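Chemist: First the structure, then my questions, so here it is.
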Amino acid sequence: MKKQLEIEAPAKINLTLKVLGKRADGYHELESIMQQISLRDKIILERGGQAIKIKSNSHMIPEDEENLAYKAAQLLYTKFSIKEGLRIYIEKNIPIGAGLAGGSTDAAAVMIGINDLHNLGLGKNELMEIGLNIGSDVPFCIMGGIALAKGRGEVLTALNKGLQLEMLLVKPDYQLSTGAVYREFKRERVNQSPDNKAFIEAWLKYDIIGLTQHMQNDLETVSIKMCPDIKIIKNKLNALGAIKSLMSGSGPSVIGVFASYEEAREAWERIKGQYKETYLISSYN
Ligand code: ATP
């Protein structure tokens, strides 16, 4: 059996996010196109010791049982009665509380890694089902690529690899709580909700103009009220030549889609002095 393993944990963005009604279990019913991006954490797992221990280069995430990576490990260790300990190192590159599923992707990577380290023999679907106990975004982070997500985000239909999207991601110096954004959300106040069917048609035709026209996020208005910088960044990205700019998830990260890597890079050169956290990213399949 292997002793140590390194796994990539890519962030996710929402290219569309439609929020339908609140369900009896308290979750909102969603319809969203989710895409993994090249911005990623690195997870190193090493078997040994007596307990599950977390360490990270970031001081902004918990290093105890509150960490989603810890929860994911504990879930599998209990389920499979694994007695040996595990050291988890998280190299954090994904901004925290940014709407990029940073915690969920670490949890997903830890589950994939433990499955391998301990030869548990779990298939992707089984891992995704177990991962849902950790969080709504964990199944997508295990599946990867690009998908239409329904339900609370766990009913997934993979889309074929299409265009490589070249983007710029800007995170304002502000953290938004996903729960707080959803509590403020009112369906009837949404003006322009995404048409996921039209997005997928454009995606399948490699039609970048068509698909960017259908990039919408129902939560944007609410999050802009809490963090007006989102709107300011959107306007800046548009002025710098983005075909489309959109907030990801519940925010506050904003992505700008550009026609080429060169254009995204040029925009990055111009905006990086104004915001500490700016990233040149592309879709990750
Ligand atoms: P989502 O888009 O799924 O709502 P997010 O990107 O907005 O997630 P995260 O970066 O996942 O937010 O962090 C949200 C909270 O989760 C933070 O308050 C953080 O302390 C906690 N957390 C626990 N484990 C982790 C982890 N491994 N990485 C990042 N945050 C973590």
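Labels for the structure tokens follow display order: chains A, B, ..., residues from 1 in each chain, ligands from 1.
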Ligand 1: which residues are within 9 Å, counting only C-alpha atoms and all ligand atoms? Reply as a CSV table (one decimal) with N, CA, C and O atoms, in the first residue's frame.

Modeler:
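Writing the result to result-v6.csv gives the following:
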chain,number,residue,atom,x,y,z
A,11,ALA,N,-10.6,24.6,-7.8
A,11,ALA,CA,-11.7,25.4,-7.4
A,11,ALA,C,-12.9,25.2,-8.4
A,11,ALA,O,-12.6,24.8,-9.5
A,12,LYS,N,-14.1,25.6,-8.0
A,12,LYS,CA,-15.2,25.6,-9.0
A,12,LYS,C,-15.8,27.0,-9.1
A,12,LYS,O,-15.8,27.8,-8.2
A,13,ILE,N,-16.3,27.3,-10.3
A,13,ILE,CA,-17.0,28.5,-10.5
A,13,ILE,C,-18.4,28.1,-11.1
A,13,ILE,O,-18.6,27.0,-11.6
A,41,ASP,N,-5.9,24.1,-4.9
A,41,ASP,CA,-5.1,23.7,-3.7
A,41,ASP,C,-4.3,22.5,-4.0
A,41,ASP,O,-4.6,21.7,-4.9
A,56,SER,N,-1.6,23.4,7.5
A,56,SER,CA,-1.8,24.2,6.2
A,56,SER,C,-0.9,25.4,6.2
A,56,SER,O,-0.4,25.9,7.3
A,60,MET,N,-5.8,31.0,7.7
A,60,MET,CA,-7.2,31.4,7.6
A,60,MET,C,-8.2,30.3,7.6
A,60,MET,O,-9.4,30.5,7.5
A,61,ILE,N,-7.7,29.0,7.7
A,61,ILE,CA,-8.6,27.9,7.8
A,61,ILE,C,-8.3,27.1,9.1
A,61,ILE,O,-7.2,27.1,9.6
A,62,PRO,N,-9.4,26.5,9.6
A,62,PRO,CA,-9.2,25.7,10.9
A,62,PRO,C,-8.3,24.5,10.6
A,62,PRO,O,-8.3,23.9,9.6
A,63,GLU,N,-7.5,24.2,11.7
A,63,GLU,CA,-6.6,23.0,11.6
A,63,GLU,C,-7.1,21.9,12.5
A,63,GLU,O,-6.4,21.1,13.0
A,64,ASP,N,-8.4,22.0,12.8
A,64,ASP,CA,-9.0,20.9,13.7
A,64,ASP,C,-10.2,20.3,13.0
A,64,ASP,O,-10.3,20.3,11.7
A,65,GLU,N,-11.1,19.7,13.8
A,65,GLU,CA,-12.2,18.9,13.2
A,65,GLU,C,-13.2,19.8,12.4
A,65,GLU,O,-14.1,19.2,11.8
A,66,GLU,N,-13.0,21.1,12.5
A,66,GLU,CA,-13.9,22.0,11.8
A,66,GLU,C,-13.5,22.0,10.3
A,66,GLU,O,-14.3,22.5,9.4
A,67,ASN,N,-12.3,21.7,10.0
A,67,ASN,CA,-11.9,21.7,8.6
A,67,ASN,C,-12.6,20.6,7.8
A,67,ASN,O,-12.8,19.5,8.2
A,68,LEU,N,-13.2,21.0,6.6
A,68,LEU,CA,-13.9,20.1,5.8
A,68,LEU,C,-13.1,18.9,5.4
A,68,LEU,O,-13.6,17.8,5.2
A,69,ALA,N,-11.8,19.1,5.2
A,69,ALA,CA,-10.9,18.0,4.9
A,69,ALA,C,-10.8,17.0,6.0
A,69,ALA,O,-10.8,15.7,5.8
A,70,TYR,N,-10.8,17.5,7.2
A,70,TYR,CA,-10.8,16.6,8.4
A,70,TYR,C,-12.1,15.8,8.5
A,70,TYR,O,-12.1,14.6,8.6
A,71,LYS,N,-13.2,16.5,8.3
A,71,LYS,CA,-14.6,15.8,8.3
A,71,LYS,C,-14.6,14.7,7.3
A,71,LYS,O,-15.2,13.6,7.5
A,90,ILE,N,-2.5,20.9,3.7
A,90,ILE,CA,-3.3,21.6,2.7
A,90,ILE,C,-2.5,22.9,2.2
A,90,ILE,O,-2.3,23.8,3.0
A,92,LYS,N,-2.9,26.0,0.6
A,92,LYS,CA,-4.1,26.8,0.2
A,92,LYS,C,-3.7,27.8,-0.8
A,92,LYS,O,-2.9,28.7,-0.6
A,94,ILE,N,-6.6,28.7,-3.0
A,94,ILE,CA,-7.9,29.2,-3.4
A,94,ILE,C,-8.4,30.2,-2.3
A,94,ILE,O,-8.3,29.8,-1.1
A,95,PRO,N,-8.8,31.4,-2.7
A,95,PRO,CA,-9.3,32.3,-1.7
A,95,PRO,C,-10.5,31.7,-0.8
A,95,PRO,O,-11.2,30.9,-1.4
A,96,ILE,N,-10.5,32.1,0.4
A,96,ILE,CA,-11.5,31.5,1.4
A,96,ILE,C,-12.8,32.4,1.4
A,96,ILE,O,-12.7,33.6,1.4
A,97,GLY,N,-13.9,31.7,1.5
A,97,GLY,CA,-15.2,32.4,1.6
A,97,GLY,C,-15.4,33.3,0.4
A,97,GLY,O,-15.9,34.4,0.4
A,98,ALA,N,-15.1,32.7,-0.8
A,98,ALA,CA,-15.1,33.4,-2.0
A,98,ALA,C,-16.1,33.0,-3.0
A,98,ALA,O,-16.2,33.5,-4.1
A,99,GLY,N,-16.8,31.9,-2.7
A,99,GLY,CA,-17.8,31.3,-3.6
A,99,GLY,C,-17.1,30.4,-4.6
A,99,GLY,O,-17.6,30.2,-5.7
A,100,LEU,N,-16.0,29.8,-4.2
A,100,LEU,CA,-15.2,29.0,-5.1
A,100,LEU,C,-15.1,27.5,-4.6
A,100,LEU,O,-14.3,26.8,-5.2
A,101,ALA,N,-15.9,27.2,-3.6
A,101,ALA,CA,-15.9,25.9,-3.1
A,101,ALA,C,-14.6,25.3,-2.6
A,101,ALA,O,-14.3,24.2,-2.7
A,102,GLY,N,-13.8,26.2,-2.0
A,102,GLY,CA,-12.4,25.9,-1.5
A,102,GLY,C,-12.4,24.7,-0.5
A,102,GLY,O,-11.6,23.8,-0.6
A,103,GLY,N,-13.3,24.8,0.4
A,103,GLY,CA,-13.4,23.8,1.5
A,103,GLY,C,-13.9,22.5,0.9
A,103,GLY,O,-13.4,21.4,1.2
A,104,SER,N,-14.9,22.6,0.0
A,104,SER,CA,-15.5,21.4,-0.6
A,104,SER,C,-14.5,20.6,-1.4
A,104,SER,O,-14.5,19.4,-1.4
A,105,THR,N,-13.7,21.3,-2.2
A,105,THR,CA,-12.7,20.7,-3.1
A,105,THR,C,-11.6,20.0,-2.3
A,105,THR,O,-11.1,18.9,-2.6
A,106,ASP,N,-11.2,20.6,-1.1
A,106,ASP,CA,-10.3,19.9,-0.3
A,106,ASP,C,-10.8,18.6,0.3
A,106,ASP,O,-10.2,17.6,0.3
A,107,ALA,N,-12.1,18.7,0.7
A,107,ALA,CA,-12.8,17.5,1.2
A,107,ALA,C,-12.8,16.4,0.1
A,107,ALA,O,-12.6,15.2,0.4
A,135,GLY,N,-21.0,18.3,2.2
A,135,GLY,CA,-21.5,19.5,1.6
A,135,GLY,C,-22.0,19.3,0.2
A,135,GLY,O,-21.7,18.4,-0.5
A,136,SER,N,-22.9,20.3,-0.2
A,136,SER,CA,-23.6,20.2,-1.4
A,136,SER,C,-22.7,20.2,-2.6
A,136,SER,O,-23.0,19.7,-3.7
A,137,ASP,N,-21.5,20.9,-2.5
A,137,ASP,CA,-20.6,21.0,-3.7
A,137,ASP,C,-19.6,19.9,-3.8
A,137,ASP,O,-18.9,19.8,-4.8
A,138,VAL,N,-19.6,19.0,-2.7
A,138,VAL,CA,-18.5,18.0,-2.7
A,138,VAL,C,-18.7,17.0,-3.9
A,138,VAL,O,-17.7,16.6,-4.5
A,175,GLN,N,-15.3,38.8,2.6
A,175,GLN,CA,-15.8,37.5,2.6
A,175,GLN,C,-17.3,37.5,2.8
A,175,GLN,O,-17.9,38.3,3.5
A,176,LEU,N,-18.0,36.7,2.0
A,176,LEU,CA,-19.5,36.6,2.1
A,176,LEU,C,-19.9,35.3,2.6
A,176,LEU,O,-19.3,34.3,2.2
A,177,SER,N,-20.8,35.3,3.5
A,177,SER,CA,-21.3,34.0,4.0
A,177,SER,C,-22.4,33.5,3.1
A,177,SER,O,-23.4,34.2,2.8
A,178,THR,N,-22.2,32.3,2.6
A,178,THR,CA,-23.2,31.7,1.7
A,178,THR,C,-24.6,31.7,2.3
A,178,THR,O,-25.6,32.1,1.7
A,179,GLY,N,-24.7,31.3,3.6
A,179,GLY,CA,-26.0,31.3,4.3
A,179,GLY,C,-26.6,32.6,4.3
A,179,GLY,O,-27.8,32.8,4.1
A,248,SER,N,-19.3,34.6,-9.1
A,248,SER,CA,-19.4,33.1,-9.0
A,248,SER,C,-20.1,32.7,-7.7
A,248,SER,O,-19.8,33.3,-6.6
A,249,GLY,N,-20.9,31.7,-7.7
A,249,GLY,CA,-21.6,31.2,-6.5
A,249,GLY,C,-22.3,32.3,-5.8
A,249,GLY,O,-23.0,33.1,-6.4
A,250,SER,N,-22.1,32.4,-4.4
A,250,SER,CA,-22.7,33.4,-3.7
A,250,SER,C,-21.8,34.6,-3.5
A,250,SER,O,-22.1,35.5,-2.8
A,251,GLY,N,-20.7,34.6,-4.2
A,251,GLY,CA,-19.7,35.7,-4.3
A,251,GLY,C,-18.8,35.6,-3.1
A,251,GLY,O,-18.8,34.7,-2.3
A,252,PRO,N,-17.9,36.6,-3.0
A,252,PRO,CA,-17.8,37.8,-3.9
A,252,PRO,C,-16.9,37.7,-5.1
A,252,PRO,O,-16.7,38.7,-5.7
A,253,SER,N,-16.4,36.5,-5.4
A,253,SER,CA,-15.5,36.4,-6.5
A,253,SER,C,-16.2,36.8,-7.8
A,253,SER,O,-17.3,36.4,-8.0

Chemist: What's around segment 262-278 of chain A at 7 Å? Count only C-alpha atoms, leave out sequence neighbours fewer than 3 positions away in its own chain, and write the answer as a ChimeraX atom specification.

Modeler: /A:166-172,240,258-259

Chemist: Hey, what does DSSP flag as helix (DSSP H, G or I) within segment 38-202 of chain A? Can you give it to me as an MDAnalysis selection string?

Modeler: chainID A and resid 68:79 102:117 124:131 138:143 178:184 187:189 196:202

Chemist: Can you spit out the residues from that selection as a PDB file, in the first residue's frame, using C-alpha atoms?

Modeler:
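Result file is part38.pdb:
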ATOM      1  CA  LEU A  68     -13.941  20.051   5.825  1.00  0.00           C
ATOM      2  CA  ALA A  69     -10.900  17.961   4.861  1.00  0.00           C
ATOM      3  CA  TYR A  70     -10.829  16.570   8.418  1.00  0.00           C
ATOM      4  CA  LYS A  71     -14.564  15.829   8.300  1.00  0.00           C
ATOM      5  CA  ALA A  72     -14.134  13.989   5.000  1.00  0.00           C
ATOM      6  CA  ALA A  73     -11.275  11.878   6.360  1.00  0.00           C
ATOM      7  CA  GLN A  74     -13.116  11.100   9.568  1.00  0.00           C
ATOM      8  CA  LEU A  75     -16.222  10.027   7.684  1.00  0.00           C
ATOM      9  CA  LEU A  76     -14.283   7.447   5.650  1.00  0.00           C
ATOM     10  CA  TYR A  77     -12.137   6.339   8.605  1.00  0.00           C
ATOM     11  CA  THR A  78     -15.255   5.644  10.689  1.00  0.00           C
ATOM     12  CA  LYS A  79     -17.153   3.991   7.840  1.00  0.00           C
ATOM     13  CA  GLY A 102     -12.444  25.869  -1.547  1.00  0.00           C
ATOM     14  CA  GLY A 103     -13.410  23.773   1.468  1.00  0.00           C
ATOM     15  CA  SER A 104     -15.506  21.351  -0.576  1.00  0.00           C
ATOM     16  CA  THR A 105     -12.730  20.664  -3.071  1.00  0.00           C
ATOM     17  CA  ASP A 106     -10.255  19.901  -0.265  1.00  0.00           C
ATOM     18  CA  ALA A 107     -12.790  17.458   1.203  1.00  0.00           C
ATOM     19  CA  ALA A 108     -13.286  15.849  -2.216  1.00  0.00           C
ATOM     20  CA  ALA A 109      -9.518  15.480  -2.775  1.00  0.00           C
ATOM     21  CA  VAL A 110      -9.056  13.903   0.657  1.00  0.00           C
ATOM     22  CA  MET A 111     -11.795  11.345  -0.083  1.00  0.00           C
ATOM     23  CA  ILE A 112     -10.293  10.488  -3.488  1.00  0.00           C
ATOM     24  CA  GLY A 113      -6.871  10.158  -1.845  1.00  0.00           C
ATOM     25  CA  ILE A 114      -7.986   7.933   1.043  1.00  0.00           C
ATOM     26  CA  ASN A 115      -9.845   5.681  -1.400  1.00  0.00           C
ATOM     27  CA  ASP A 116      -6.520   5.191  -3.171  1.00  0.00           C
ATOM     28  CA  LEU A 117      -4.199   5.048  -0.112  1.00  0.00           C
ATOM     29  CA  LYS A 124     -16.844   7.667  -8.287  1.00  0.00           C
ATOM     30  CA  ASN A 125     -20.598   7.500  -7.678  1.00  0.00           C
ATOM     31  CA  GLU A 126     -20.156   5.923  -4.251  1.00  0.00           C
ATOM     32  CA  LEU A 127     -17.610   8.581  -3.276  1.00  0.00           C
ATOM     33  CA  MET A 128     -19.971  11.304  -4.513  1.00  0.00           C
ATOM     34  CA  GLU A 129     -22.828   9.884  -2.447  1.00  0.00           C
ATOM     35  CA  ILE A 130     -20.705   9.784   0.717  1.00  0.00           C
ATOM     36  CA  GLY A 131     -19.303  13.264  -0.062  1.00  0.00           C
ATOM     37  CA  VAL A 138     -18.532  17.967  -2.717  1.00  0.00           C
ATOM     38  CA  PRO A 139     -20.090  15.557  -5.273  1.00  0.00           C
ATOM     39  CA  PHE A 140     -19.293  17.968  -8.123  1.00  0.00           C
ATOM     40  CA  CYS A 141     -15.739  18.442  -6.839  1.00  0.00           C
ATOM     41  CA  ILE A 142     -15.312  14.650  -6.932  1.00  0.00           C
ATOM     42  CA  MET A 143     -16.777  14.357 -10.433  1.00  0.00           C
ATOM     43  CA  THR A 178     -23.207  31.678   1.691  1.00  0.00           C
ATOM     44  CA  GLY A 179     -25.969  31.285   4.316  1.00  0.00           C
ATOM     45  CA  ALA A 180     -26.442  35.045   4.709  1.00  0.00           C
ATOM     46  CA  VAL A 181     -26.740  35.556   0.933  1.00  0.00           C
ATOM     47  CA  TYR A 182     -29.363  32.799   0.586  1.00  0.00           C
ATOM     48  CA  ARG A 183     -31.359  34.202   3.526  1.00  0.00           C
ATOM     49  CA  GLU A 184     -31.635  37.576   1.761  1.00  0.00           C
ATOM     50  CA  ARG A 187     -36.945  34.789  -6.170  1.00  0.00           C
ATOM     51  CA  GLU A 188     -39.494  37.415  -7.232  1.00  0.00           C
ATOM     52  CA  ARG A 189     -36.798  40.121  -7.267  1.00  0.00           C
ATOM     53  CA  ASN A 196     -29.450  26.600 -18.878  1.00  0.00           C
ATOM     54  CA  LYS A 197     -30.814  24.805 -21.915  1.00  0.00           C
ATOM     55  CA  ALA A 198     -29.698  27.677 -24.157  1.00  0.00           C
ATOM     56  CA  PHE A 199     -26.302  27.764 -22.397  1.00  0.00           C
ATOM     57  CA  ILE A 200     -25.776  24.061 -23.066  1.00  0.00           C
ATOM     58  CA  GLU A 201     -26.777  24.404 -26.734  1.00  0.00           C
ATOM     59  CA  ALA A 202     -24.196  27.158 -27.173  1.00  0.00           C
TER      60      ALA A 202
END

Chemist: Taking the backbone alone, and naming residues the way the document does, which bits of segment 92-212 of chain A are strand (DSSP E or B) by DSSP, as a short mmCIF file (atom, residue, chain, number, x, y, z; two decimals) with C-alpha atoms, in the first residue's frame?

Modeler:
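Printed below is selection_10.cif as written:
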data_model
loop_
_atom_site.label_atom_id
_atom_site.label_comp_id
_atom_site.auth_asym_id
_atom_site.auth_seq_id
_atom_site.Cartn_x
_atom_site.Cartn_y
_atom_site.Cartn_z
CA ILE A 146 -18.10 20.77 -16.27
CA ALA A 147 -21.65 19.71 -15.37
CA LEU A 148 -25.25 20.80 -15.05
CA ALA A 149 -26.11 20.53 -11.37
CA LYS A 150 -29.66 20.25 -10.04
CA GLY A 151 -31.24 19.49 -6.68
CA VAL A 155 -27.87 15.77 -9.24
CA LEU A 156 -25.17 16.04 -11.88
CA THR A 157 -25.10 15.66 -15.64
CA ALA A 158 -21.60 15.90 -17.10
CA GLU A 166 -9.74 31.92 -20.62
CA MET A 167 -10.71 34.03 -17.64
CA LEU A 168 -9.64 36.53 -15.06
CA LEU A 169 -10.86 36.07 -11.49
CA VAL A 170 -10.94 38.99 -9.09
CA LYS A 171 -11.84 38.66 -5.44
#

Chemist: Tell me which protein, DNA and RNA residues are within 8 Å of Lys234 of chain A, counting only C-alpha atoms, leaving out same-chain ones fewer than 4 positions away, and put them as a list in words.

Modeler: Ile230, Asn238, Ser245, Leu246, Val254 and Gly256 of chain A

Chemist: Might you pull out every residue within 7 Å of Met215 of chain A, with only C-alpha atoms counted and same-chain residues fewer than 5 positions away left off, and present them as a ChimeraX atom specification?

Modeler: /A:15-16,194

Chemist: Measuring atom to atom with only C-alpha atoms, identify which of A:Ala51, A:Leu5, A:Leu30, A:Leu163 is nearest to Lys83 of chain A.

Modeler: A:Ala51

Chemist: Which residue, A:Arg152, A:Arg40, A:Lys53, A:Glu91, has the smallest gap to Gly21 of chain A when you use only C-alpha atoms?

Modeler: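 Smallest distance to Gly21 of chain A is found for A:Arg152.
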
Chemist: Any idea what the distance is between atom CA of Tyr27 of chain A and atom CA of Thr221 of chain A?

Modeler: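 Taking atom CA of Tyr27 of chain A and atom CA of Thr221 of chain A, their separation equals 19.7 Å.
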
Chemist: For a test of reading the model, state the distance in Å between atom CA of Ile243 of chain A and atom CA of Ser193 of chain A, rounded to one decimal.

Modeler: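 Pair atom CA of Ile243 of chain A / atom CA of Ser193 of chain A returns 18.4 Å.
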
Chemist: So which residues touch Ser282 of chain A within 8 Å, counting only C-alpha atoms, skipping near sequence neighbours fewer than 2 positions away, as a ChimeraX atom specification?

Modeler: /A:37-38,164-167,280,284

Chemist: Save out the residues we just selected, all heavy atoms, as a CSV table (one decimal), in the first residue's frame.

Modeler:
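Listed below is the output, again23.csv:
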chain,number,residue,atom,x,y,z
A,37,ILE,N,-11.8,25.0,-12.3
A,37,ILE,CA,-10.9,25.9,-12.9
A,37,ILE,C,-9.4,25.6,-12.5
A,37,ILE,O,-9.2,24.8,-11.5
A,37,ILE,CB,-11.2,27.4,-12.5
A,37,ILE,CG1,-11.3,27.6,-11.0
A,37,ILE,CG2,-12.5,27.8,-13.2
A,37,ILE,CD1,-11.4,29.0,-10.6
A,38,SER,N,-8.5,26.2,-13.2
A,38,SER,CA,-7.1,25.8,-13.0
A,38,SER,C,-6.5,26.3,-11.6
A,38,SER,O,-5.5,25.8,-11.2
A,38,SER,CB,-6.2,26.4,-14.1
A,38,SER,OG,-6.5,27.8,-14.2
A,164,GLN,N,-12.1,25.7,-24.2
A,164,GLN,CA,-11.2,26.1,-23.0
A,164,GLN,C,-11.5,27.6,-22.8
A,164,GLN,O,-11.2,28.4,-23.6
A,164,GLN,CB,-9.8,25.8,-23.4
A,164,GLN,CG,-8.8,26.6,-22.5
A,164,GLN,CD,-7.8,25.7,-21.8
A,164,GLN,OE1,-8.0,24.5,-21.6
A,164,GLN,NE2,-6.7,26.3,-21.4
A,165,LEU,N,-12.1,27.9,-21.6
A,165,LEU,CA,-12.4,29.3,-21.3
A,165,LEU,C,-11.2,30.0,-20.7
A,165,LEU,O,-10.6,29.4,-19.8
A,165,LEU,CB,-13.6,29.4,-20.4
A,165,LEU,CG,-14.9,28.8,-20.9
A,165,LEU,CD1,-16.0,28.8,-19.8
A,165,LEU,CD2,-15.4,29.5,-22.1
A,166,GLU,N,-10.9,31.1,-21.2
A,166,GLU,CA,-9.7,31.9,-20.6
A,166,GLU,C,-10.4,33.1,-19.8
A,166,GLU,O,-11.1,33.8,-20.3
A,166,GLU,CB,-8.9,32.5,-21.7
A,166,GLU,CG,-8.2,31.4,-22.6
A,166,GLU,CD,-7.3,30.5,-21.9
A,166,GLU,OE1,-6.9,30.8,-20.8
A,166,GLU,OE2,-6.9,29.4,-22.5
A,167,MET,N,-10.0,33.1,-18.5
A,167,MET,CA,-10.7,34.0,-17.6
A,167,MET,C,-9.8,34.7,-16.7
A,167,MET,O,-8.6,34.3,-16.5
A,167,MET,CB,-11.7,33.2,-16.8
A,167,MET,CG,-12.8,32.6,-17.6
A,167,MET,SD,-13.8,31.4,-16.7
A,167,MET,CE,-12.8,30.0,-16.6
A,280,LEU,N,-5.3,34.7,-13.1
A,280,LEU,CA,-5.5,34.3,-14.5
A,280,LEU,C,-5.9,32.9,-14.5
A,280,LEU,O,-5.1,32.0,-14.0
A,280,LEU,CB,-4.2,34.5,-15.3
A,280,LEU,CG,-4.0,35.7,-16.1
A,280,LEU,CD1,-2.6,35.6,-16.8
A,280,LEU,CD2,-5.1,35.8,-17.2
A,284,TYR,N,-10.7,23.8,-16.3
A,284,TYR,CA,-9.9,22.6,-16.0
A,284,TYR,C,-10.7,21.4,-16.2
A,284,TYR,O,-11.7,21.2,-15.6
A,284,TYR,CB,-9.5,22.8,-14.5
A,284,TYR,CG,-8.6,21.8,-13.9
A,284,TYR,CD1,-7.2,21.9,-13.9
A,284,TYR,CD2,-9.1,20.6,-13.3
A,284,TYR,CE1,-6.4,21.0,-13.3
A,284,TYR,CE2,-8.3,19.6,-12.7
A,284,TYR,CZ,-6.9,19.8,-12.7
A,284,TYR,OH,-6.1,18.9,-12.2

Chemist: What separation in Å, quoted to one decimal, exists between atom CA of Glu220 of chain A and atom CA of Glu31 of chain A?

Modeler: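 Atom-to-atom, atom CA of Glu220 of chain A to atom CA of Glu31 of chain A, that is 15.0 Å.
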
Chemist: Using only C-alpha atoms, which of the listed residues (A:Phe185, A:Glu6, A:Phe80, A:Gln216) sits closest to Ile33 of chain A?

Modeler: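 Counting only C-alpha atoms, the residue closest to Ile33 of chain A is A:Gln216.
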